[in-house]
Every structure is written in structure tokens, then in C-alpha cells.
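File shown here: final.txt, holding compact mmCIF, C-alpha atoms.
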# COMPACT_ATOMS: atom_id res chain seq x y z
CA MET A 7 0.00 0.00 0.00
CA GLY A 8 2.74 2.45 0.99
CA LYS A 9 4.73 1.43 -2.07
CA CYS A 10 1.75 2.11 -4.33
CA VAL A 11 1.36 5.64 -2.97
CA ALA A 12 5.08 6.21 -3.49
CA TYR A 13 4.82 5.09 -7.13
CA VAL A 14 1.92 7.42 -7.82
CA ALA A 15 3.71 10.31 -6.10
CA ALA A 16 6.85 9.62 -8.14
CA ALA A 17 4.85 9.50 -11.37
CA ILE A 18 3.21 12.85 -10.57
CA VAL A 19 6.56 14.44 -9.73
CA PHE A 20 8.16 13.16 -12.95
CA ILE A 21 5.19 14.32 -15.07
CA GLY A 22 5.51 17.69 -13.38
CA ILE A 23 9.24 17.95 -14.15
CA GLY A 24 8.63 16.86 -17.74
CA ALA A 25 5.85 19.39 -18.14
CA LEU A 26 8.01 22.16 -16.76
CA VAL A 27 10.96 21.36 -19.02
CA ALA A 28 8.81 20.98 -22.12
CA GLY A 29 6.75 24.07 -21.38
CA VAL A 30 9.86 26.18 -20.93
CA CYS A 31 11.37 24.75 -24.16
CA VAL A 32 8.26 25.47 -26.23
CA TRP A 33 7.91 28.91 -24.69
CA PHE A 34 11.45 29.94 -25.62
CA LEU A 35 11.56 28.28 -29.04
CA ALA A 36 8.13 29.30 -30.37
CA PRO A 37 8.10 32.25 -32.78
CA ARG A 38 6.71 35.41 -31.34
CA ASP A 39 6.19 39.04 -32.25
CA GLY A 40 6.34 40.40 -28.75
CA SER A 41 2.62 39.95 -28.26
CA ILE A 42 2.78 37.99 -25.01
CA GLN A 43 4.94 40.21 -22.89
CA GLY A 44 5.74 43.82 -23.50
CA ILE A 45 4.01 47.12 -23.18
CA GLN A 46 0.86 47.93 -25.08
CA GLU A 47 1.04 51.21 -26.91
CA ILE A 48 -1.19 53.00 -29.37
CA ARG A 49 -0.06 53.30 -32.96
CA HIS A 50 -1.45 55.98 -35.25
CA ALA A 51 -1.48 56.00 -39.02
CA ARG A 52 -2.84 58.26 -41.73
CA CYS A 53 -3.80 58.06 -45.37
CA VAL A 54 -4.47 61.16 -47.52
CA PHE A 55 -6.53 60.42 -50.62
CA GLN A 56 -5.48 61.29 -54.15
CA SER A 57 -8.06 61.03 -56.90
CA LYS A 58 -8.64 61.80 -60.56
CA TYR A 59 -12.37 61.95 -59.79
CA GLY A 60 -12.54 64.87 -57.37
CA ILE A 61 -12.54 62.75 -54.21
CA SER A 62 -10.59 64.05 -51.24
CA GLY A 63 -10.26 63.12 -47.62
CA ILE A 64 -8.07 61.88 -44.83
CA VAL A 65 -8.26 58.49 -43.13
CA HIS A 66 -7.01 58.20 -39.56
CA LEU A 67 -6.26 54.75 -38.17
CA GLU A 68 -5.30 53.76 -34.64
CA GLU A 69 -4.82 50.54 -32.73
CA PHE A 70 -3.34 49.34 -29.46
CA GLY A 71 -0.69 46.68 -29.77
CA PRO A 72 1.21 44.52 -30.20
CA GLY A 73 -1.20 41.62 -29.90
CA GLN A 74 -4.12 40.31 -31.86
CA ASN A 75 -7.15 41.15 -29.78
CA ASN A 76 -7.33 44.88 -30.27
CA PRO A 77 -9.71 46.36 -32.84
CA LEU A 78 -8.39 48.74 -35.46
CA THR A 79 -10.30 52.02 -35.33
CA ILE A 80 -10.72 53.83 -38.63
CA ASN A 81 -12.11 57.35 -38.94
CA ALA A 82 -12.39 59.27 -42.18
CA ASN A 83 -14.05 62.31 -43.69
CA ILE A 84 -14.40 61.97 -47.44
CA SER A 85 -15.83 64.53 -49.82
CA GLY A 86 -16.83 64.25 -53.47
CA LEU A 87 -18.55 60.85 -53.35
CA SER A 88 -21.85 60.29 -55.15
CA ALA A 89 -24.80 59.20 -52.98
CA GLY A 90 -24.91 55.48 -52.19
CA LEU A 91 -22.65 52.66 -51.07
CA HIS A 92 -19.01 52.51 -52.09
CA GLY A 93 -16.59 49.61 -51.59
CA PHE A 94 -13.86 50.54 -49.07
CA HIS A 95 -10.86 48.20 -48.94
CA ILE A 96 -7.23 47.82 -47.93
CA HIS A 97 -5.20 46.88 -51.00
CA ALA A 98 -1.90 44.99 -50.99
CA PHE A 99 0.52 47.76 -52.03
CA GLY A 100 1.00 51.46 -51.43
CA MET A 101 0.02 54.19 -53.87
CA PRO A 102 2.88 55.42 -56.08
CA GLU A 103 3.57 59.17 -56.25
CA ASN A 104 1.68 59.46 -59.58
CA GLY A 105 -1.53 58.48 -57.78
CA ASP A 106 -2.12 55.37 -59.92
CA CYS A 107 -4.62 53.30 -57.88
CA MET A 108 -4.13 50.26 -60.13
CA ALA A 109 -0.58 49.91 -58.75
CA CYS A 110 -2.13 49.20 -55.34
CA GLY A 111 -2.79 45.62 -56.47
CA GLY A 112 -5.71 43.51 -55.24
CA HIS A 113 -7.34 43.44 -51.82
CA TYR A 114 -4.76 42.65 -49.13
CA ASN A 115 -5.29 38.93 -48.64
CA PRO A 116 -2.36 37.24 -46.86
CA LYS A 117 -4.48 34.21 -45.87
CA GLY A 118 -5.71 33.43 -49.37
CA PHE A 119 -9.44 33.52 -48.58
CA ASN A 120 -12.22 34.52 -50.96
CA HIS A 121 -13.57 38.06 -50.84
CA SER A 122 -16.29 38.42 -48.23
CA ALA A 123 -18.14 40.71 -45.82
CA PRO A 124 -16.24 42.49 -43.02
CA THR A 125 -18.16 40.38 -40.49
CA SER A 126 -17.09 37.09 -42.08
CA PRO A 127 -14.39 35.10 -40.23
CA GLU A 128 -12.93 34.03 -43.59
CA ARG A 129 -12.31 37.17 -45.61
CA HIS A 130 -9.54 39.26 -47.09
CA VAL A 131 -7.76 41.23 -44.36
CA GLY A 132 -8.60 44.23 -46.55
CA ASP A 133 -12.36 43.59 -46.69
CA LEU A 134 -13.74 46.58 -44.83
CA GLY A 135 -17.08 46.49 -46.69
CA ASN A 136 -18.90 49.63 -47.83
CA ILE A 137 -19.08 53.23 -46.79
CA ASN A 138 -22.36 55.10 -47.17
CA SER A 139 -22.55 58.50 -48.79
CA THR A 140 -25.95 59.93 -47.90
CA ALA A 141 -26.09 62.70 -50.49
CA ASP A 142 -24.01 63.81 -53.46
CA SER A 143 -22.79 67.01 -51.85
CA ASP A 144 -22.19 65.82 -48.29
CA ILE A 145 -19.02 64.86 -46.55
CA THR A 146 -19.10 61.13 -45.89
CA ILE A 147 -18.15 60.37 -42.30
CA VAL A 148 -16.66 56.93 -41.87
CA HIS A 149 -16.22 55.10 -38.57
CA ILE A 150 -15.15 51.45 -38.60
CA ASP A 151 -13.93 49.20 -35.79
CA ASP A 152 -12.35 46.20 -37.46
CA PRO A 153 -11.18 43.05 -35.63
CA ILE A 154 -8.95 41.70 -38.42
CA ALA A 155 -6.97 44.42 -40.20
CA SER A 156 -4.06 45.60 -38.03
CA LEU A 157 -1.28 48.18 -37.82
CA TRP A 158 0.88 45.61 -36.01
CA GLY A 159 2.60 42.31 -36.66
CA HIS A 160 3.42 40.23 -39.69
CA ASP A 161 0.25 41.05 -41.62
CA SER A 162 0.33 44.78 -40.90
CA ILE A 163 -1.52 47.07 -43.33
CA VAL A 164 1.05 49.87 -42.86
CA GLY A 165 2.66 50.83 -46.20
CA ARG A 166 -0.32 49.39 -48.08
CA SER A 167 -3.30 51.43 -49.29
CA VAL A 168 -6.93 52.38 -48.76
CA VAL A 169 -9.05 52.37 -51.94
CA VAL A 170 -12.54 53.84 -52.37
CA HIS A 171 -14.55 52.29 -55.19
CA ALA A 172 -17.29 53.64 -57.46
CA ASP A 173 -19.78 50.86 -56.76
CA GLU A 174 -21.17 48.84 -53.90
CA ASP A 175 -19.22 45.83 -52.60
CA ASP A 176 -21.51 42.77 -52.91
CA PHE A 177 -19.51 40.89 -50.19
CA GLY A 178 -18.71 38.00 -52.52
CA LEU A 179 -22.30 36.73 -52.46
CA ILE A 180 -22.86 36.69 -56.23
CA ASP A 181 -21.76 33.53 -58.03
CA SER A 182 -19.10 35.12 -60.20
CA LYS A 183 -15.31 35.30 -60.15
CA GLU A 184 -15.47 39.08 -59.91
CA SER A 185 -17.69 38.93 -56.82
CA ARG A 186 -15.38 36.42 -55.12
CA THR A 187 -12.27 38.54 -55.73
CA THR A 188 -13.29 42.22 -55.71
CA GLY A 189 -16.94 42.29 -54.63
CA SER A 190 -17.63 43.87 -58.06
CA ALA A 191 -17.03 47.28 -56.51
CA GLY A 192 -15.84 48.72 -59.81
CA LEU A 193 -13.61 51.67 -60.55
CA ARG A 194 -11.00 52.87 -58.07
CA LEU A 195 -12.05 56.45 -57.39
CA ALA A 196 -9.39 57.36 -54.85
CA CYS A 197 -6.49 55.75 -53.03
CA CYS A 198 -3.70 56.55 -50.60
CA THR A 199 -0.71 54.98 -48.81
CA ILE A 200 -1.14 54.20 -45.11
CA TYR A 201 1.81 55.65 -43.19
CA LEU A 202 2.71 55.94 -39.52
CA ILE A 203 2.30 59.27 -37.72
CA ALA A 204 3.12 60.47 -34.22
CA ASN A 205 -0.53 60.98 -33.18
CA MET B 1 20.64 -8.67 -10.58
CA GLY B 2 17.01 -8.54 -9.52
CA LYS B 3 17.64 -5.22 -7.84
CA CYS B 4 19.25 -3.87 -10.96
CA THR B 5 16.27 -4.85 -13.12
CA THR B 6 13.88 -3.15 -10.71
CA PHE B 7 16.05 -0.03 -10.80
CA ILE B 8 16.01 0.01 -14.60
CA ALA B 9 12.23 -0.39 -14.54
CA TYR B 10 11.95 2.63 -12.22
CA VAL B 11 14.14 4.71 -14.52
CA LEU B 12 12.13 3.65 -17.58
CA GLY B 13 8.94 4.51 -15.72
CA ALA B 14 10.30 7.93 -14.83
CA ILE B 15 11.27 8.60 -18.45
CA VAL B 16 7.85 7.55 -19.73
CA PHE B 17 6.05 9.76 -17.23
CA MET B 18 8.36 12.70 -17.99
CA ALA B 19 7.68 12.30 -21.70
CA LEU B 20 3.96 12.18 -21.01
CA GLY B 21 4.24 15.38 -18.99
CA ALA B 22 6.34 16.99 -21.70
CA LEU B 23 3.77 16.10 -24.32
CA ILE B 24 0.86 17.48 -22.31
CA ALA B 25 2.72 20.69 -21.44
CA GLY B 26 4.03 21.19 -24.95
CA LEU B 27 0.61 20.74 -26.52
CA SER B 28 -1.12 22.99 -24.02
CA VAL B 29 1.43 25.79 -24.45
CA TYR B 30 1.31 25.40 -28.24
CA TYR B 31 -2.47 25.64 -28.39
CA THR B 32 -2.81 28.58 -26.02
CA ARG B 33 -0.18 30.72 -27.77
CA GLU B 34 -2.09 32.84 -30.21
CA ASP B 35 0.91 33.68 -32.37
CA CYS B 36 1.98 30.16 -33.23
CA PRO B 37 1.68 29.84 -37.00
CA SER B 38 -0.67 26.96 -37.75
CA THR B 39 -0.13 26.96 -41.49
CA TYR B 40 3.01 26.99 -43.55
CA THR B 41 3.33 29.96 -45.84
CA PRO B 42 5.97 29.99 -48.56
CA LYS B 43 8.73 32.57 -48.29
CA ALA B 44 8.00 35.68 -50.30
CA GLU B 45 10.20 38.50 -51.51
CA ILE B 46 9.11 41.84 -50.11
CA HIS B 47 9.60 45.03 -52.09
CA ALA B 48 9.22 48.62 -51.01
CA GLU B 49 9.84 52.01 -52.53
CA CYS B 50 10.19 55.65 -51.60
CA ALA B 51 9.88 58.59 -54.03
CA LEU B 52 11.87 61.49 -52.56
CA GLU B 53 10.23 64.90 -52.51
CA ALA B 54 12.24 68.06 -51.92
CA SER B 55 11.56 70.07 -48.79
CA SER B 56 11.72 73.87 -48.70
CA ASP B 57 15.36 73.43 -47.56
CA GLY B 58 16.36 71.32 -50.56
CA PRO B 59 14.81 72.65 -53.76
CA GLY B 60 15.54 70.35 -56.69
CA VAL B 61 16.54 67.33 -54.61
CA THR B 62 14.66 64.24 -55.79
CA GLY B 63 15.13 60.54 -56.43
CA TYR B 64 13.85 57.01 -55.91
CA ILE B 65 14.94 54.52 -53.27
CA PHE B 66 14.06 50.81 -53.56
CA PHE B 67 14.15 48.19 -50.81
CA HIS B 68 14.17 44.39 -51.18
CA GLN B 69 14.12 41.60 -48.63
CA MET B 70 13.53 37.86 -48.86
CA GLU B 71 11.19 36.83 -46.04
CA GLY B 72 13.16 34.75 -43.55
CA SER B 73 16.44 36.45 -44.42
CA PRO B 74 17.53 39.46 -42.32
CA THR B 75 19.26 41.18 -45.23
CA VAL B 76 17.67 44.23 -46.82
CA THR B 77 19.18 45.72 -49.96
CA VAL B 78 18.68 49.41 -50.56
CA GLU B 79 19.31 50.89 -53.99
CA GLY B 80 18.42 53.95 -55.97
CA ASN B 81 19.70 57.44 -56.57
CA VAL B 82 19.31 60.96 -55.34
CA THR B 83 19.66 63.78 -57.87
CA GLY B 84 20.00 67.54 -57.63
CA ILE B 85 22.10 67.28 -54.48
CA ALA B 86 25.39 69.10 -53.84
CA PRO B 87 28.50 66.89 -54.22
CA GLY B 88 29.82 65.43 -50.95
CA PRO B 89 28.55 63.19 -48.16
CA HIS B 90 24.96 63.48 -46.94
CA GLY B 91 23.32 61.83 -43.94
CA PHE B 92 20.83 59.19 -45.06
CA HIS B 93 18.45 57.88 -42.40
CA ILE B 94 15.17 56.15 -41.74
CA HIS B 95 13.03 58.40 -39.57
CA THR B 96 10.22 57.30 -37.25
CA TYR B 97 7.09 58.44 -39.08
CA GLY B 98 5.86 58.73 -42.64
CA VAL B 99 5.66 62.05 -44.47
CA ILE B 100 3.70 63.66 -47.26
CA GLY B 101 4.43 66.42 -49.77
CA GLY B 102 8.05 67.06 -48.78
CA GLU B 103 7.09 68.13 -45.24
CA CYS B 104 9.99 66.42 -43.47
CA GLY B 105 9.47 67.75 -39.92
CA PRO B 106 6.68 65.29 -38.96
CA ALA B 107 9.09 62.41 -39.69
CA GLU B 108 10.53 63.28 -36.24
CA GLY B 109 13.79 61.59 -35.16
CA HIS B 110 15.74 58.63 -36.47
CA TYR B 111 13.76 55.38 -36.12
CA ASN B 112 15.15 54.06 -32.82
CA PRO B 113 12.93 51.40 -31.22
CA ASP B 114 15.78 50.10 -29.01
CA GLY B 115 16.66 53.45 -27.46
CA PHE B 116 20.34 53.36 -28.45
CA ASP B 117 22.54 56.36 -29.24
CA HIS B 118 23.10 57.41 -32.84
CA ALA B 119 26.04 55.56 -34.41
CA ALA B 120 27.53 54.19 -37.60
CA PRO B 121 25.61 51.61 -39.66
CA THR B 122 28.28 49.05 -38.74
CA SER B 123 27.89 49.62 -35.00
CA PRO B 124 26.15 46.81 -33.08
CA GLN B 125 24.32 49.44 -31.03
CA ARG B 126 22.75 52.05 -33.28
CA HIS B 127 19.40 53.50 -34.28
CA VAL B 128 17.62 51.07 -36.61
CA GLY B 129 17.42 54.07 -38.96
CA ASP B 130 21.18 54.73 -38.99
CA LEU B 131 22.16 54.06 -42.60
CA GLY B 132 25.13 56.45 -42.51
CA ASN B 133 26.02 58.66 -45.45
CA ILE B 134 25.51 58.64 -49.18
CA GLU B 135 28.15 60.24 -51.41
CA SER B 136 27.07 62.69 -54.09
CA VAL B 137 29.37 63.19 -57.07
CA ASP B 138 29.41 65.97 -59.67
CA ASP B 139 27.16 64.90 -62.54
CA GLY B 140 28.91 67.23 -65.03
CA THR B 141 26.18 69.86 -65.02
CA GLY B 142 27.27 71.55 -61.80
CA SER B 143 24.79 69.54 -59.80
CA GLY B 144 25.33 66.21 -58.10
CA ILE B 145 24.01 62.67 -58.06
CA ALA B 146 24.33 60.10 -55.31
CA TYR B 147 24.03 56.41 -56.15
CA VAL B 148 22.67 54.47 -53.21
CA THR B 149 23.71 50.85 -52.65
CA ILE B 150 23.38 49.70 -49.07
CA VAL B 151 23.07 46.18 -47.64
CA ASP B 152 21.80 46.20 -44.06
CA ASP B 153 20.68 43.55 -41.56
CA VAL B 154 19.04 45.90 -39.04
CA ILE B 155 16.30 47.64 -41.00
CA GLN B 156 13.51 45.22 -41.89
CA LEU B 157 10.55 45.31 -44.28
CA TYR B 158 8.22 43.31 -42.02
CA GLY B 159 7.61 42.45 -38.38
CA GLU B 160 9.45 44.15 -35.56
CA ASN B 161 11.81 46.91 -36.73
CA SER B 162 9.81 47.26 -39.95
CA ILE B 163 10.57 50.54 -41.69
CA VAL B 164 7.51 50.33 -43.95
CA GLY B 165 5.20 53.32 -43.45
CA ARG B 166 8.13 55.28 -42.00
CA SER B 167 10.38 57.62 -44.01
CA VAL B 168 13.70 58.16 -45.72
CA VAL B 169 15.32 61.53 -45.00
CA VAL B 170 18.31 62.92 -46.95
CA HIS B 171 20.27 65.54 -45.03
CA GLU B 172 22.23 68.61 -46.07
CA GLY B 173 25.40 67.73 -44.15
CA GLU B 174 27.54 64.76 -43.35
CA ASP B 175 26.51 62.32 -40.61
CA ASP B 176 29.41 62.23 -38.09
CA LEU B 177 28.28 58.70 -37.08
CA GLY B 178 28.03 59.63 -33.40
CA LEU B 179 31.74 60.45 -33.12
CA GLY B 180 31.39 64.25 -32.85
CA GLY B 181 31.57 64.34 -29.07
CA ASP B 182 28.48 66.48 -28.50
CA GLN B 183 24.80 65.88 -27.81
CA GLY B 184 23.82 66.46 -31.45
CA SER B 185 26.24 63.79 -32.56
CA ILE B 186 24.63 61.03 -30.49
CA THR B 187 21.09 62.00 -31.52
CA THR B 188 21.24 63.18 -35.14
CA GLY B 189 24.88 62.85 -36.23
CA ASN B 190 24.83 66.62 -36.81
CA ALA B 191 23.68 65.99 -40.36
CA GLY B 192 21.81 69.28 -40.60
CA ALA B 193 18.73 70.29 -42.58
CA ARG B 194 16.36 67.81 -44.21
CA LEU B 195 16.65 68.31 -47.96
CA ALA B 196 14.18 65.66 -49.08
CA CYS B 197 12.04 62.89 -47.62
CA CYS B 198 9.48 60.27 -48.55
CA THR B 199 7.25 57.55 -47.07
CA ILE B 200 8.36 53.95 -47.63
CA PHE B 201 5.48 51.92 -49.09
CA LEU B 202 5.11 48.33 -50.27
CA THR B 203 5.14 47.54 -53.99
CA SER B 204 4.60 44.45 -56.12
CA HIS B 205 8.06 44.42 -57.70

Output the file's structure in the form of C-alpha cells.
Amino acid sequence: MGKCVAYVAAAIVFIGIGALVAGVCVWFLAPRDGSIQGIQEIRHARCVFQSKYGISGIVHLEEFGPGQNNPLTINANISGLSAGLHGFHIHAFGMPENGDCMACGGHYNPKGFNHSAPTSPERHVGDLGNINSTADSDITIVHIDDPIASLWGHDSIVGRSVVVHADEDDFGLIDSKESRTTGSAGLRLACCTIYLIAN
Amino acid sequence: MGKCTTFIAYVLGAIVFMALGALIAGLSVYYTREDCPSTYTPKAEIHAECALEASSDGPGVTGYIFFHQMEGSPTVTVEGNVTGIAPGPHGFHIHTYGVIGGECGPAEGHYNPDGFDHAAPTSPQRHVGDLGNIESVDDGTGSGIAYVTIVDDVIQLYGENSIVGRSVVVHEGEDDLGLGGDQGSITTGNAGARLACCTIFLTSH
């Protein structure tokens, strides 16, 4: 009886030692981007639209980090948009100095998913959905809290671009290749490079 | 002999239980860490670019700077040229924030996430943004051109120490590489006015 208790105790102790050693090994060897320990700070970024179609505006982005559980807050005031819904996306590359929005590439999609709605768990990182312009003459005020796009880490959107489209993003719900890649949002009316600012 | 066999059995038992513990601990740590990559992604080459715009202090200074890095390799190559710049050495740095329209002030100081003093690009302790000097030569028209070819392992195009979305600043004077012996030397290298600057953005090529 006493021997049995001793065996069980020994087994528990050895499992404990093994767990400790392995845990420490995995902890130190696993890749990290500083998201476990370290100080959280707020990062600010800005994007100033250029357009051949009379669109202007500034996008301000901010997010606490590093880490993956903080929403990205996007605020923008955009003028010159026609009334209605307009696709609003992060594209893979920045805007060159000539303002060519085609050079921004496709939606930023590091995970290789199909185009979808901003609320979808499987979507392009850049799928921010639509912005709503209430009247032709008004300034469109945009406020988005997004759980996926981020100013931090490996899949950061910094140095990439914001693009405003002519048409509504259909969220990939139409059975066509265009819908599954771009949301059929049409022409790129305005774009800008996302860059870091002090505040 | 019998004692020895029992001893070996104990040792084997201990090893088995340790392994079991290791497995449980390893798996639990692996699954609770949110930044463990669960899928393999092929290594990609990352490209970035910066189109210099002259500030009010550097009329006529322009140029393009290109950055390349293979993901997984620490080495970044920087190439390009700066035109319309007086012959001689000019401080060439990555500053903390992006800029727009040749307004170089908001770029603030050298990009320095580690809090080190300003130094030479070859120094083990330096600002991440410390790329040293570029050398402008007379282009035959009375103006100058500087060809930029830098290979650096400290600036990065992704992850921590990423310079994307920050800026390149070309200075009027020579960077003293932190050897000047005054406060300016260990913060800015005494490289003087900002002639031109640009935001570094990602490109497809």
C-alpha cells in the first residue's frame, strides 16, 4: 500500500518535471512578435486620398498593440462621393507618387481567402465592406472598428493602401469570379498609402 | 541482478512519465499561444519604394529609393539614386514616421525602437534608422548625383523593426556617425537640414 502511494507520487513528480521542461522549451523556441509580454502602446497611421475623380479626404487609423485582440479604429471624412454605397478596402501595395490606384494591387489577402463581408471570419484582411454617402454634396463620415486588419505584426496594413470604389461591394455573395475577388465594386475612385504618424 | 532490473524499470517509468508530462505541457502551451503559425506559408520576396520629394530646404533634390528583402532572411538591400544634391557626403536615415508632400518635420527623429545612441551603420548598437552617409558626385552639369547601394541587416521590411510606413530623409550635411563628441552627434549625427524625404510603401516588384 505504501509502495503504491510512493509510485503514484513519483509518477506525478516526474510528469511535473517533464511538463516544466517541455513548457519552458516550447515557450522559448516558439516564434513570437512580442505579443505575449511587452508594453501595449497605441499606434497611429494616416492616409491622404489622391483622386482623378474629385474625391478628397483623410483616413485616420489607430490601434493598441502589439497583440491580436485589439480592434483597429478607422475614422475618415471623405468629400466628393456620389450618394450610395461605395466599396472601401485595404489593397496589398501602397500608392505610387503618380496616384495610380491600379498599382495598389488587389485586396490585401495574406491568408488566401475569398472576398467576403467584413463580419465574415474568412475574408480578405482588406475587406472593410462599404461606406455610405448619404447625399451627393455631403461629406461622408466613416467610422469602422475592425477586428482583423491591423497596424501591427506580420500582416500589418502599414505601407499598403486604402481604396474607395465607385460601386457597392456585394460581399462575394454573387456567383461570379469578380464577386469572389473584388466584390464587383468597380472603378478605383481614390487611393492613398497608409503611413505611420506620431498621433 | 534482480535489484538492478527493478532499478532500470523505475528509470524507464520515470522517463515515460516525464515524456507524457512533456507532451501534455508542450501541446497545451502550443495551443494557447495565439501567435503560433498553424499553417506553412511559402517565403516571399518583399519590395518597397520611396519617391523622394524636396523640402523647402532642398529645392531640386529628388530621387527614388528601392528596398528588397527575402522573407526569412535578415538582409535588406537598398538601392536607388538621389539627384539635384550638392557633391559630398549626406546623412541618409530612416526616420520614425511617414511624411507627405516634402514636409519632413513630422518624420521626427531617427527610427530608434531600441533606445540606443546614434552611431555608424556598422555599430552593433545604433538606431535602426542609422544608414550612414551617401556620397554625391558631380554629374557634369554643376549639380550632383548620389548612387545608393546599401546592404543592411538591421532595417527590416516586415515584423518588428519594420521601416515600412516610416520615411527616408536625406540631409544637407555629413553624418558624423556619433563620433562628434556632442549631444547632437549622439542623436542626429549633426547631419543638418532635411533636404528631401518620402514615405516607404510596399510595392509588387

Report task. May I ask for the distance between CA of His160 in chain A and CA of Ile137 in chain A, given in Å to one decimal place? Result ->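 About the pair CA of His160 in chain A and CA of Ile137 in chain A: they are 26.9 Å apart.
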
Check which residues of chain A sit at most 8 Å from chain B using all atoms listed in the file, and return one row each with the closest pair of atoms and their distance in Å to one decimal, ordered by chain and rising number, as a Markdown table.
| residue | atom | partner | partner_atom | distance |
| --- | --- | --- | --- | --- |
| A:Ala16 | CA | B:Ala14 | CA | 7.7 |
| A:Ala17 | CA | B:Phe17 | CA | 6.0 |
| A:Ile18 | CA | B:Phe17 | CA | 7.9 |
| A:Phe20 | CA | B:Met18 | CA | 5.1 |
| A:Ile21 | CA | B:Gly21 | CA | 4.2 |
| A:Gly22 | CA | B:Gly21 | CA | 6.2 |
| A:Ile23 | CA | B:Met18 | CA | 6.6 |
| A:Gly24 | CA | B:Met18 | CA | 4.2 |
| A:Ala25 | CA | B:Ala22 | CA | 4.3 |
| A:Leu26 | CA | B:Ala25 | CA | 7.2 |
| A:Val27 | CA | B:Ala22 | CA | 6.9 |
| A:Ala28 | CA | B:Ala22 | CA | 4.7 |
| A:Gly29 | CA | B:Ala25 | CA | 5.3 |
| A:Val32 | CA | B:Gly26 | CA | 6.2 |
| A:Trp33 | CA | B:Val29 | CA | 7.2 |
| A:Ala36 | CA | B:Cys36 | CA | 6.8 |
| A:Pro37 | CA | B:Cys36 | CA | 6.5 |
| A:Arg38 | CA | B:Asp35 | CA | 6.1 |
| A:Asp39 | CA | B:Glu160 | CA | 6.9 |
| A:Ser41 | CA | B:Asp35 | CA | 7.7 |
| A:Gln74 | CA | B:Glu34 | CA | 7.9 |
| A:Ala98 | CA | B:Leu202 | CA | 7.8 |
| A:Phe99 | CA | B:Leu202 | CA | 4.9 |
| A:Gly100 | CA | B:Phe201 | CA | 5.1 |
| A:Met101 | CA | B:Phe201 | CA | 7.6 |
| A:Pro102 | CA | B:Ala51 | CA | 8.0 |
| A:Glu103 | CA | B:Ala51 | CA | 6.7 |
| A:Ala109 | CA | B:Thr203 | CA | 7.8 |
| A:Cys110 | CA | B:Thr203 | CA | 7.6 |
| A:Gly111 | CA | B:Ser204 | CA | 7.5 |
| A:Trp158 | CA | B:Gly159 | CA | 7.8 |
| A:Gly159 | CA | B:Gly159 | CA | 5.3 |
| A:His160 | CA | B:Gly159 | CA | 4.9 |
| A:Val164 | CA | B:Gly165 | CA | 5.4 |
| A:Gly165 | CA | B:Phe201 | CA | 4.2 |
| A:Arg166 | CA | B:Leu202 | CA | 6.0 |
| A:Thr199 | CA | B:Phe201 | CA | 6.9 |
| A:Ile200 | CA | B:Gly165 | CA | 6.6 |
| A:Tyr201 | CA | B:Gly165 | CA | 4.1 |
| A:Leu202 | CA | B:Tyr97 | CA | 5.1 |
| A:Ile203 | CA | B:Tyr97 | CA | 5.0 |
| A:Ala204 | CA | B:Tyr97 | CA | 6.6 |

Students should find that CA of Asn205 in chain A and CA of Glu47 in chain A are spaced 11.7 Å

**Point (-13.5, 53.8, -42.2), cut-off 10 Å, counting all atoms listed in the file, residues as JSON, numbers by chain** = {"A": [65, 66, 67, 78, 79, 80, 81, 82, 83, 84, 94, 95, 134, 135, 136, 137, 146, 147, 148, 149, 150, 151, 152, 168]}

Atom pair CA of Phe66 in chain B + CA of Gly129 in chain B, distance 15.3 Å

### Gln56 in chain A surroundings by all atoms listed in the file, 8 Å radius, close-in-sequence under 2 positions cut, as JSON, numbers by chain
{"A": [54, 58, 61, 62, 105, 196, 197, 198]}

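Considering the residues A:Asp181, A:Thr188, A:Ser139, A:Ile45 and counting all atoms listed in the file, His92 in chain A has its shortest atom-to-atom contact with A:Ser139.
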
Extract, using only C-alpha atoms, all DNA, RNA and protein residues at most 8 Å from range 141-150 of chain B, discarding same-chain residues fewer than 3 positions from it, and format them as a PDB file with C-alpha atoms, keeping the file's coordinate frame.
ATOM      1  CA  ILE B  65      14.940  54.520 -53.270  1.00  0.00           C
ATOM      2  CA  THR B  77      19.180  45.720 -49.960  1.00  0.00           C
ATOM      3  CA  VAL B  78      18.680  49.410 -50.560  1.00  0.00           C
ATOM      4  CA  GLU B  79      19.310  50.890 -53.990  1.00  0.00           C
ATOM      5  CA  GLY B  80      18.420  53.950 -55.970  1.00  0.00           C
ATOM      6  CA  ASN B  81      19.700  57.440 -56.570  1.00  0.00           C
ATOM      7  CA  VAL B  82      19.310  60.960 -55.340  1.00  0.00           C
ATOM      8  CA  THR B  83      19.660  63.780 -57.870  1.00  0.00           C
ATOM      9  CA  GLY B  84      20.000  67.540 -57.630  1.00  0.00           C
ATOM     10  CA  ILE B  85      22.100  67.280 -54.480  1.00  0.00           C
ATOM     11  CA  ALA B  86      25.390  69.100 -53.840  1.00  0.00           C
ATOM     12  CA  PRO B  87      28.500  66.890 -54.220  1.00  0.00           C
ATOM     13  CA  LEU B 131      22.160  54.060 -42.600  1.00  0.00           C
ATOM     14  CA  ILE B 134      25.510  58.640 -49.180  1.00  0.00           C
ATOM     15  CA  GLU B 135      28.150  60.240 -51.410  1.00  0.00           C
ATOM     16  CA  SER B 136      27.070  62.690 -54.090  1.00  0.00           C
ATOM     17  CA  VAL B 137      29.370  63.190 -57.070  1.00  0.00           C
ATOM     18  CA  ASP B 138      29.410  65.970 -59.670  1.00  0.00           C
TER      19      ASP B 138
END

From the options B:Ser73, B:Thr6, B:Thr62, B:Ser55, which residue's atoms come nearest to Lys43 in chain B, counting only C-alpha atoms?
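Result for the nearest residue to Lys43 in chain B: B:Ser73.
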
Residue with the minimum atom-to-atom distance to His127 in chain B, picked from B:Thr32, B:Thr188, B:Thr75, B:Gln183 with all atoms listed in the file counted, is B:Thr188

(Q) Can you pull out the residues contacting Ile154 in chain A? Cut-off 12 Å, using all atoms listed in the file, and skip same-chain residues under 6 positions away; I want them as JSON, numbers by chain. (A) {"A": [69, 73, 74, 75, 76, 77, 78, 79, 96, 114, 115, 116, 117, 123, 124, 125, 126, 127, 128, 129, 130, 131, 132, 133, 134, 161, 162, 163]}

For Gln156 in chain B, the closest of B:Glu71, B:Asp176, B:Asp57, B:Glu103 counting only C-alpha atoms is B:Glu71

Using all atoms listed in the file, the shortest atom-to-atom distance to Met108 in chain A among A:Leu35, A:Val170, A:Val30, A:Val11 belongs to A:Val170

_For a quick check of understanding, using only C-alpha atoms, which of B:Glu172, B:Ala9, B:Ala193, B:His68 has the smallest distance to Gly105 in chain B?_
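Among the listed residues, B:Ala193 lies closest to Gly105 in chain B.
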